[in-house]
Every structure is written in structure tokens, then in C-alpha cells.
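Worksheet: one structure, shown below.
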Amino acid sequence: MQNLQQEIDLLIRNVPDFPKPGIMFKDITPILSNQEFCSKVVDFYTEQFKDNLPDAIVGIESRGFLFGMLLANKWQIPFVPIRKAGKLPHKTVSFSYDLEYGSATIEIHEDALKPNWKVMVHDDLLATGGTAMAASELINKLGATTHSFTFLVNLEFLQGAKNLSKYSNKIISVASYS
């Protein structure tokens, strides 16, 4: 893991004052152009869950789609997108929540998950945990449970993992910043 942390440190781009003053944005787009590193990330997650795969993966719009889809494909399980309100074409279930810099509503298709499925929530970055908690609420509304959370980056100083623990204690990130 330390090796992956060091590689992310070299690849990730820090963008000051985005999306608003005082925020140091962790831009993962340089990581995405490095196919070898992306494969290492998928292998890392695979090792973490080799004995306990979820039934499905939900990826949170839009960067949660990237590795979420790769993992679902590798594990041969369904991938389900969670999107911002108004972006899904079929009947949806929605959940509104507060972010560290505003509020948002996310949605999932009402028929996307089967009852009692154990579902992994994947996103690129864990900050306060608000979006991942909202995703878990959507999962619960559909009769499934949150199996785990995976992130590329965890901003530990914002204590998002603490907020997620009521849904699952399995919270895995490739890199952490304190």
C-alpha cells in the first residue's frame, strides 16, 4: 500500500481554491492517463475483497464510475450508476443531503438493486462522507445493504470514515491524507 500511496502522491494534481476559495482539490485525472497505475489500483481493491465480494457496485457520478465499472467488470457483478438529480431516464429514488460546500440530490433507478444485495459504494474521494452516506441511504431505500466503501483518496482530516461507519466498517482507500 505504501508504494501505491507514493505513486498517487506523484500522480495526483493539487488544485488550490477549487471549487471555491480555501479548498485544495485533489485532481485524479493525471492518474487516469496512467494505465499501469490504474491496473495496480484494481489489483489492490481485488486483494482487499478476495474473500468477500459484494453483489453489486454503485459508482457515484461521475468519477466513481471510473474504477467502480472496472471493478464490477473484473468481478463480473453489476455496476449501478448513482447520478445527480434529473440525469437518469427511468423512474428513480432520490436523496438530498448537504455537502461541505453546498447541497445536492442524487438518484438511482428504482429497479437497479435487488433486495438483500450487499452493495459496495465507490467514489474517487472521501471528504466528509456526505455523498457516500447519501448513496447508502439510496441503497437502503431499495432494500439492499451497504457492504463496503472504496475510495481512491481519503482526506482523513475531514473524518468522513467516522460518518460512514453506521453503514459499514469496511472502508478502503488507496491513499490517505491527514
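Labeling convention for the C-alpha cells: chains A, B, ... as they appear, residues from 1 per chain, ligands from 1 in order of appearance.
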
Point to revise | Residue neighbourhood segment 128-134 of chain A, 10 Å, only C-alpha atoms, exclusion window fewer than 5 positions, as number ranges by chain | key: A: 59-61, 82, 94-100, 103-107, 121-123, 139-140, 146, 149-151, 154-167

Please, could you write that set of residues out with C-alpha atoms as a compact mmCIF listing (two decimals), in the first residue's frame?
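Contents of out-v6.txt, as written:
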```txt
# COMPACT_ATOMS: atom_id res chain seq x y z
CA GLY A 59 -20.49 4.33 -8.51
CA ILE A 60 -21.19 7.94 -7.64
CA GLU A 61 -21.28 10.43 -10.51
CA ILE A 82 -25.83 6.94 -8.91
CA SER A 94 -33.72 10.27 -4.72
CA PHE A 95 -31.97 11.51 -1.60
CA SER A 96 -30.98 15.10 -0.75
CA TYR A 97 -28.04 15.94 1.51
CA ASP A 98 -25.56 18.65 2.48
CA LEU A 99 -22.02 18.87 1.13
CA GLU A 100 -19.04 20.68 2.61
CA SER A 103 -26.22 20.76 -1.05
CA ALA A 104 -27.13 18.13 -3.62
CA THR A 105 -29.63 15.47 -4.62
CA ILE A 106 -28.62 12.12 -6.06
CA GLU A 107 -30.74 9.42 -7.66
CA VAL A 121 -20.20 2.17 -2.75
CA HIS A 122 -17.32 3.53 -4.82
CA ASP A 123 -16.19 7.12 -5.35
CA ILE A 139 -29.23 1.55 -1.23
CA ASN A 140 -31.32 1.11 1.94
CA THR A 146 -24.00 -1.30 2.14
CA PHE A 149 -16.94 1.70 0.71
CA THR A 150 -13.97 2.16 -1.58
CA PHE A 151 -12.19 5.38 -2.48
CA ASN A 154 -9.30 9.64 1.78
CA LEU A 155 -8.93 13.12 3.28
CA GLU A 156 -8.62 11.79 6.84
CA PHE A 157 -8.62 15.22 8.46
CA LEU A 158 -12.30 15.63 7.46
CA GLN A 159 -13.22 12.40 9.31
CA GLY A 160 -15.55 11.06 6.63
CA ALA A 161 -14.90 7.44 7.62
CA LYS A 162 -16.39 8.15 11.03
CA ASN A 163 -19.60 9.31 9.35
CA LEU A 164 -19.78 6.17 7.19
CA SER A 165 -19.29 3.64 9.98
CA LYS A 166 -23.03 3.38 10.68
CA TYR A 167 -23.43 1.82 7.20
```

Using only C-alpha atoms, I'd like a table of the residues in segment 73-133 of chain A that come within 9 Å of segment 28-52 of chain A; for each, show the closest atom pair and its distance in Å rounded to one decimal, ordered by chain and ascending number, as a tab-separated table.
```
residue	atom	partner	partner_atom	distance
A:Lys74	CA	A:Val42	CA	8.5
A:Trp75	CA	A:Thr46	CA	8.3
A:Asp124	CA	A:Ile28	CA	7.9
```

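Atom pair atom CA of Asp111 of chain A / atom CA of Lys91 of chain A has a distance of 8.2 Å (rounded to one decimal).
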
Practice item. Find the residues around Met69 of chain A up to 10 Å (only C-alpha atoms counted), leave out those fewer than 6 positions away in its own chain, and share them as number ranges by chain. Key: A: 57-59, 75, 77-81, 122

Point to revise | alpha helix (DSSP H) residues, from DSSP on the backbone, in segment 30-80 of chain A, as an MDAnalysis selection string | key: chainID A and resid 30:32 35:48 64:75

Revision key, fill the gap. Judged by only C-alpha atoms, the minimum distance to Leu142 of chain A among A:Ile23, A:Leu88, A:Ile12, A:Val93 is found for A:Val93

Exercise for review: Considering only C-alpha atoms, return as a ChimeraX atom specification whatever protein or nucleic-acid residues lie within 12 Å of Met24 of chain A, sequence-local ones (same chain, fewer than 3 positions apart) excluded.
Suggested key: /A:12-21,27,127,155,177

**Study point:** Picked from chain A by DSSP as strand (DSSP E or B), as number ranges by chain
**Key:** A: 13-16, 24-27, 56-60, 79-84, 92-99, 102-109, 118-126, 145-155, 171-177
